[in-house]
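S.K.: Below you'll find target-v6.txt; it's compact mmCIF, C-alpha atoms.
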# COMPACT_ATOMS: atom_id res chain seq x y z
CA MET A 1 -26.57 28.44 0.96
CA GLU A 2 -26.33 25.68 3.54
CA LYS A 3 -26.55 23.06 0.76
CA PHE A 4 -23.52 24.70 -0.87
CA PHE A 5 -21.64 24.61 2.45
CA LYS A 6 -22.46 20.96 3.00
CA TRP A 7 -21.49 20.08 -0.57
CA ILE A 8 -18.05 21.65 -0.11
CA ASP A 9 -17.68 19.95 3.27
CA ARG A 10 -18.58 16.57 1.76
CA MET A 11 -16.30 17.09 -1.25
CA ASN A 12 -13.30 17.93 0.93
CA GLU A 13 -14.20 15.04 3.24
CA TRP A 14 -14.27 12.61 0.30
CA ILE A 15 -11.07 13.93 -1.28
CA GLY A 16 -9.28 13.96 2.08
CA THR A 17 -10.37 10.44 2.93
CA THR A 18 -9.36 9.15 -0.51
CA VAL A 19 -6.00 10.96 -0.56
CA SER A 20 -5.20 9.84 2.99
CA TYR A 21 -4.72 6.34 1.58
CA PHE A 22 -1.78 7.64 -0.48
CA ILE A 23 0.27 7.22 2.69
CA ILE A 24 -0.02 3.45 2.18
CA ILE A 25 1.42 3.79 -1.33
CA LEU A 26 4.20 5.96 0.08
CA VAL A 27 5.07 3.45 2.79
CA CYS A 28 5.06 0.57 0.27
CA VAL A 29 7.41 2.42 -2.10
CA ILE A 30 9.81 3.28 0.73
CA LEU A 31 9.73 -0.24 2.18
CA TYR A 32 10.36 -1.70 -1.26
CA GLU A 33 13.36 0.58 -1.72
CA ILE A 34 14.74 -0.39 1.69
CA PHE A 35 14.28 -4.07 0.88
CA VAL A 36 15.99 -4.03 -2.52
CA ARG A 37 18.70 -1.59 -1.47
CA TYR A 38 19.85 -3.22 1.75
CA LEU A 39 18.86 -6.85 1.39
CA LEU A 40 19.33 -7.39 -2.34
CA ASN A 41 22.00 -4.70 -2.84
CA SER A 42 20.09 -3.44 -5.88
CA PRO A 43 18.76 0.09 -5.33
CA THR A 44 16.09 1.52 -7.63
CA ILE A 45 16.37 4.70 -9.67
CA TRP A 46 12.70 5.51 -9.22
CA ALA A 47 11.65 5.01 -5.59
CA HIS A 48 12.94 8.30 -4.20
CA GLU A 49 11.25 10.41 -6.86
CA VAL A 50 7.99 8.47 -6.77
CA SER A 51 7.84 8.79 -2.98
CA GLN A 52 8.44 12.56 -3.23
CA MET A 53 5.67 12.92 -5.81
CA VAL A 54 3.17 10.82 -3.87
CA TYR A 55 3.93 12.76 -0.70
CA GLY A 56 3.66 16.08 -2.56
CA VAL A 57 0.19 15.26 -3.87
CA TYR A 58 -0.77 13.95 -0.41
CA VAL A 59 0.17 17.22 1.28
CA ILE A 60 -1.25 19.49 -1.43
CA LEU A 61 -4.68 17.87 -1.63
CA LEU A 62 -5.25 17.49 2.12
CA GLY A 63 -5.33 21.26 2.81
CA GLY A 64 -9.09 21.65 2.37
CA PHE A 65 -9.77 18.51 4.41
CA LEU A 66 -7.63 19.84 7.28
CA GLN A 67 -9.29 23.25 7.03
CA GLN A 68 -12.70 21.64 7.31
CA ARG A 69 -11.62 19.79 10.46
CA ASP A 70 -9.73 22.74 12.01
CA GLY A 71 -6.56 20.69 11.70
CA HIS A 72 -4.18 23.51 10.81
CA VAL A 73 -1.89 24.85 13.52
CA SER A 74 -3.25 27.81 15.45
CA VAL A 75 -2.33 29.64 18.63
CA GLU A 76 -5.35 29.59 20.92
CA ILE A 77 -4.07 30.60 24.36
CA LEU A 78 -6.33 33.65 24.61
CA TYR A 79 -8.59 32.97 21.66
CA LEU A 80 -10.52 30.13 23.33
CA ARG A 81 -11.39 32.36 26.31
CA PHE A 82 -13.44 34.68 24.10
CA LYS A 83 -17.14 34.24 23.38
CA PRO A 84 -18.08 32.74 20.00
CA ARG A 85 -19.07 36.13 18.55
CA THR A 86 -15.73 37.72 19.55
CA ARG A 87 -13.81 34.78 18.09
CA ALA A 88 -15.78 35.13 14.85
CA VAL A 89 -14.97 38.86 14.63
CA ILE A 90 -11.26 38.09 15.11
CA ASN A 91 -11.53 35.38 12.45
CA LEU A 92 -13.03 37.81 9.93
CA PHE A 93 -9.81 39.80 10.02
CA THR A 94 -7.48 36.82 9.94
CA TRP A 95 -9.41 35.32 7.04
CA LEU A 96 -8.16 38.22 4.91
CA LEU A 97 -4.60 36.90 5.26
CA PHE A 98 -5.84 33.42 4.44
CA PHE A 99 -7.54 34.62 1.24
CA ILE A 100 -4.43 36.52 0.15
CA PHE A 101 -2.34 33.39 0.71
CA CYS A 102 -4.78 31.08 -1.12
CA GLY A 103 -5.27 33.54 -3.97
CA THR A 104 -1.53 33.86 -4.45
CA LEU A 105 -1.07 30.09 -4.29
CA LEU A 106 -3.89 29.61 -6.79
CA VAL A 107 -2.61 32.19 -9.29
CA LYS A 108 1.11 31.38 -9.04
CA GLY A 109 0.44 27.64 -8.80
CA SER A 110 -1.72 27.79 -11.93
CA GLN A 111 1.01 29.64 -13.82
CA MET A 112 3.64 27.16 -12.67
CA ALA A 113 1.43 24.17 -13.51
CA TRP A 114 0.61 25.54 -16.97
CA ASP A 115 4.28 26.19 -17.73
CA SER A 116 5.19 22.72 -16.55
CA PHE A 117 2.41 21.16 -18.64
CA SER A 118 3.30 23.23 -21.73
CA PHE A 119 6.90 22.05 -21.66
CA ARG A 120 5.99 18.52 -20.51
CA GLU A 121 8.46 19.04 -17.68
CA THR A 122 10.28 16.00 -16.33
CA GLU A 123 12.74 15.49 -13.49
CA PRO A 124 16.34 15.96 -14.64
CA THR A 125 17.36 12.48 -13.51
CA ALA A 126 17.93 9.08 -15.10
CA PHE A 127 14.36 8.04 -14.23
CA ALA A 128 12.94 11.36 -15.59
CA PRO A 129 9.29 11.08 -14.47
CA PRO A 130 6.89 13.81 -15.60
CA VAL A 131 6.53 16.59 -13.03
CA TYR A 132 3.53 18.41 -14.50
CA PRO A 133 0.86 16.06 -13.07
CA VAL A 134 2.09 16.83 -9.56
CA LYS A 135 2.39 20.56 -10.25
CA MET A 136 -1.17 20.56 -11.58
CA MET A 137 -2.32 19.48 -8.13
CA ILE A 138 -1.10 22.78 -6.62
CA PRO A 139 -3.90 24.98 -8.03
CA LEU A 140 -6.42 22.21 -7.35
CA GLY A 141 -5.33 21.97 -3.73
CA ALA A 142 -5.33 25.76 -3.39
CA PHE A 143 -8.84 25.90 -4.84
CA LEU A 144 -10.14 23.23 -2.44
CA LEU A 145 -8.54 25.05 0.49
CA LEU A 146 -9.97 28.38 -0.72
CA LEU A 147 -13.48 26.92 -1.04
CA GLN A 148 -13.36 25.44 2.46
CA GLY A 149 -12.02 28.73 3.81
CA LEU A 150 -14.87 30.59 2.13
CA VAL A 151 -17.38 28.30 3.84
CA LYS A 152 -15.74 28.90 7.22
CA TYR A 153 -15.61 32.65 6.55
CA LEU A 154 -19.34 32.79 5.74
CA ARG A 155 -20.10 30.72 8.83
CA ASP A 156 -18.09 33.23 10.89
CA ILE A 157 -20.16 36.07 9.44
CA ARG A 158 -23.29 34.17 10.51
CA THR A 159 -21.80 33.74 14.00
CA VAL A 160 -21.09 37.48 14.23
CA ILE A 161 -24.71 38.20 13.32
CA THR A 162 -26.40 35.54 15.48
CA GLY A 163 -23.85 35.13 18.28
CA LYS A 164 -24.21 31.35 17.96
CA GLU A 165 -21.31 29.20 16.88
CA GLU A 166 -22.07 26.51 14.32
CA THR A 167 -20.77 23.01 14.53
CA THR A 168 -19.98 21.28 11.26
Take the structure from the file and write it as structure tokens.

M.R.:
Amino acid sequence: MEKFFKWIDRMNEWIGTTVSYFIIILVCVILYEIFVRYLLNSPTIWAHEVSQMVYGVYVILLGGFLQQRDGHVSVEILYLRFKPRTRAVINLFTWLLFFIFCGTLLVKGSQMAWDSFSFRETEPTAFAPPVYPVKMMIPLGAFLLLLQGLVKYLRDIRTVITGKEETT
């Protein structure tokens, strides 16, 4: 079981590290647009949409990576004062909301991605880039987040049983 946990951790670590470099692409596209728009007075028809798509994929695929690193926003004013076992018990209940969210995102995102792929959806603009590759990242990102959440959930169950908090 621990091998499975570590495999998911490493996978999300690798994907998160790789996708984090997309921010460089995003910055380059935006800087290029600024340069040609304001210095050459020749704006592009593609930079805005490409930057939105790159940023969308960036945000979607980093969910599991952030979950692995406890990077999502949480309110911990009282929570941190509890013992590890008490925190794990609280987590077991809050994980239910997480799984409902991820399951909904996975199912609805898959339907949306399939519809987009089936129709070869494009943006309704002059540039008209395909949208379906970006929409196909939604169920992938939801799945990665769900897997990482499952690992954390099972680790919380272990903490409830043993009373010892694991460090990843």

S.K.: In Å, rounded to a single decimal, give me how far CA of Arg158 (chain A) is from CA of Leu80 (chain A).

M.R.: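 CA of Arg158 (chain A) lies 18.5 Å from CA of Leu80 (chain A).
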
S.K.: Would you mind reading off the distance between CA of Ser51 (chain A) and CA of Val131 (chain A), one decimal, in Å?

M.R.: 12.8 Å

S.K.: Set the distance at 10 Å and use only C-alpha atoms: which residues neighbour Pro133 (chain A) once local chain neighbours fewer than 3 positions away are removed? I'd like the list as a ChimeraX atom specification.

M.R.: /A:53,57,113,116-117,120-122,129-130,136-138

S.K.: May I ask which of the residues A:Phe143, A:Phe99, A:Tyr132, A:Tyr58 is the closest one to Ser118 (chain A), counting all atoms listed in the file?

M.R.: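 Nearest candidate to Ser118 (chain A) out of A:Phe143, A:Phe99, A:Tyr132, A:Tyr58: A:Tyr132.
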
S.K.: Which residue gives the smallest distance to Leu140 (chain A) among A:Leu78, A:Leu62, A:Met1, A:Ile100, with all atoms listed in the file counted?

M.R.: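 The shortest atom-to-atom distance to Leu140 (chain A) comes from A:Leu62.
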
S.K.: Might you pull out every residue within 6 Å of Val151 (chain A), with all atoms listed in the file counted and same-chain residues fewer than 3 positions away left off, and present them as a list in words?

M.R.: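 The contact residues come out as Phe5, Gln148 and Leu154 of chain A.
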
S.K.: Name the closest residue to Lys135 (chain A) among the candidates A:Leu96, A:Arg155, A:Ile60, A:Ile77; distances are taken between atoms, counting only C-alpha atoms.

M.R.: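 Of the candidates, the smallest distance to Lys135 (chain A) is held by A:Ile60.
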
S.K.: What separation in Å, quoted to one decimal, exists between CA of Ala126 (chain A) and CA of Ser20 (chain A)?

M.R.: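 For CA of Ala126 (chain A) relative to CA of Ser20 (chain A), the distance reads 29.4 Å.
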
S.K.: What's around Thr86 (chain A) at 9 Å? Count only C-alpha atoms, leave out sequence neighbours fewer than 5 positions away in its own chain, and write the answer as a list of chain:residue names.

M.R.: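 Near neighbours after the sequence-gap exclusion: A:Tyr79, A:Asn91, A:Val160, A:Gly163.
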
S.K.: Using C-alpha atoms, can you write the selected residues to a file as a PDB file, keeping the file's coordinate frame?

M.R.:
ATOM      1  CA  TYR A  79      -8.590  32.970  21.660  1.00  0.00           C
ATOM      2  CA  ASN A  91     -11.530  35.380  12.450  1.00  0.00           C
ATOM      3  CA  VAL A 160     -21.090  37.480  14.230  1.00  0.00           C
ATOM      4  CA  GLY A 163     -23.850  35.130  18.280  1.00  0.00           C
TER       5      GLY A 163
END

S.K.: Report, as lines of an AutoDock Vina configuration file, the axis-aligned box around all atoms of region 17-36 of chain A present in the file, extended by 3 Å on each side; give centre and edge lengths in Å to one decimal place.

M.R.:
center_x = 2.8
center_y = 3.4
center_z = 0.2
size_x = 32.4
size_y = 21.0
size_z = 11.5

S.K.: Counting all atoms listed in the file, find residues at most 10 Å from (-18.1, 22.3, 3.2) (file frame) and give them as a PyMOL selection string.

M.R.: chain A and resi 2-13+64-65+67-68+144+147-152+168

S.K.: Restricting the calculation to only C-alpha atoms: of A:Asp70, A:Asp156, A:Glu33, A:Glu49, which residue gets closest to Ala128 (chain A)?

M.R.: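 Closest candidate: A:Glu49.
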
S.K.: Smallest atom-to-atom distance to Leu145 (chain A): which of A:Ile30, A:Arg81, A:Leu106, A:Trp14, using all atoms listed in the file?

M.R.: A:Leu106

S.K.: Excluding same-chain residues fewer than 5 positions from Leu92 (chain A), what lies within 9 Å of it counting all atoms listed in the file, as a list of chain:residue names?

M.R.: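 Listed by chain and then number, they are A:Arg87, A:Tyr153, A:Asp156, A:Ile157.
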
S.K.: Point out the residue among A:Pro84, A:Gly56, A:Gly109, A:Pro124 with the least atom-to-atom distance to Thr159 (chain A), counting only C-alpha atoms.

M.R.: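 Distance minimum relative to Thr159 (chain A) lands on A:Pro84.
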
S.K.: Hey, could you patch up region 98-111 of chain A with N, CA and C atoms and hand it over as an mmCIF file, in the coordinates of the input?

M.R.:
data_model
loop_
_atom_site.group_PDB
_atom_site.id
_atom_site.type_symbol
_atom_site.label_atom_id
_atom_site.label_comp_id
_atom_site.auth_asym_id
_atom_site.auth_seq_id
_atom_site.Cartn_x
_atom_site.Cartn_y
_atom_site.Cartn_z
ATOM 1 N N PHE A 98 -5.621 34.738 5.027
ATOM 2 C CA PHE A 98 -5.840 33.420 4.440
ATOM 3 C C PHE A 98 -6.193 33.549 2.950
ATOM 4 N N PHE A 99 -7.115 34.459 2.627
ATOM 5 C CA PHE A 99 -7.540 34.620 1.240
ATOM 6 C C PHE A 99 -6.417 35.161 0.365
ATOM 7 N N ILE A 100 -5.593 36.035 0.907
ATOM 8 C CA ILE A 100 -4.430 36.520 0.150
ATOM 9 C C ILE A 100 -3.480 35.368 -0.134
ATOM 10 N N PHE A 101 -3.223 34.545 0.881
ATOM 11 C CA PHE A 101 -2.340 33.390 0.710
ATOM 12 C C PHE A 101 -2.898 32.423 -0.331
ATOM 13 N N CYS A 102 -4.172 32.046 -0.184
ATOM 14 C CA CYS A 102 -4.780 31.080 -1.120
ATOM 15 C C CYS A 102 -4.860 31.643 -2.533
ATOM 16 N N GLY A 103 -5.203 32.924 -2.648
ATOM 17 C CA GLY A 103 -5.270 33.540 -3.970
ATOM 18 C C GLY A 103 -3.915 33.544 -4.655
ATOM 19 N N THR A 104 -2.876 33.876 -3.897
ATOM 20 C CA THR A 104 -1.530 33.860 -4.450
ATOM 21 C C THR A 104 -1.115 32.449 -4.852
ATOM 22 N N LEU A 105 -1.396 31.495 -3.987
ATOM 23 C CA LEU A 105 -1.070 30.090 -4.290
ATOM 24 C C LEU A 105 -1.832 29.606 -5.518
ATOM 25 N N LEU A 106 -3.076 30.010 -5.643
ATOM 26 C CA LEU A 106 -3.890 29.610 -6.790
ATOM 27 C C LEU A 106 -3.354 30.217 -8.092
ATOM 28 N N VAL A 107 -3.079 31.512 -8.081
ATOM 29 C CA VAL A 107 -2.610 32.190 -9.290
ATOM 30 C C VAL A 107 -1.207 31.710 -9.678
ATOM 31 N N LYS A 108 -0.274 31.779 -8.740
ATOM 32 C CA LYS A 108 1.110 31.380 -9.040
ATOM 33 C C LYS A 108 1.211 29.880 -9.320
ATOM 34 N N GLY A 109 0.449 29.079 -8.562
ATOM 35 C CA GLY A 109 0.440 27.640 -8.800
ATOM 36 C C GLY A 109 -0.112 27.289 -10.162
ATOM 37 N N SER A 110 -1.146 28.014 -10.598
ATOM 38 C CA SER A 110 -1.720 27.790 -11.930
ATOM 39 C C SER A 110 -0.715 28.133 -13.020
ATOM 40 N N GLN A 111 -0.014 29.262 -12.839
ATOM 41 C CA GLN A 111 1.010 29.640 -13.820
ATOM 42 C C GLN A 111 2.117 28.594 -13.891
#
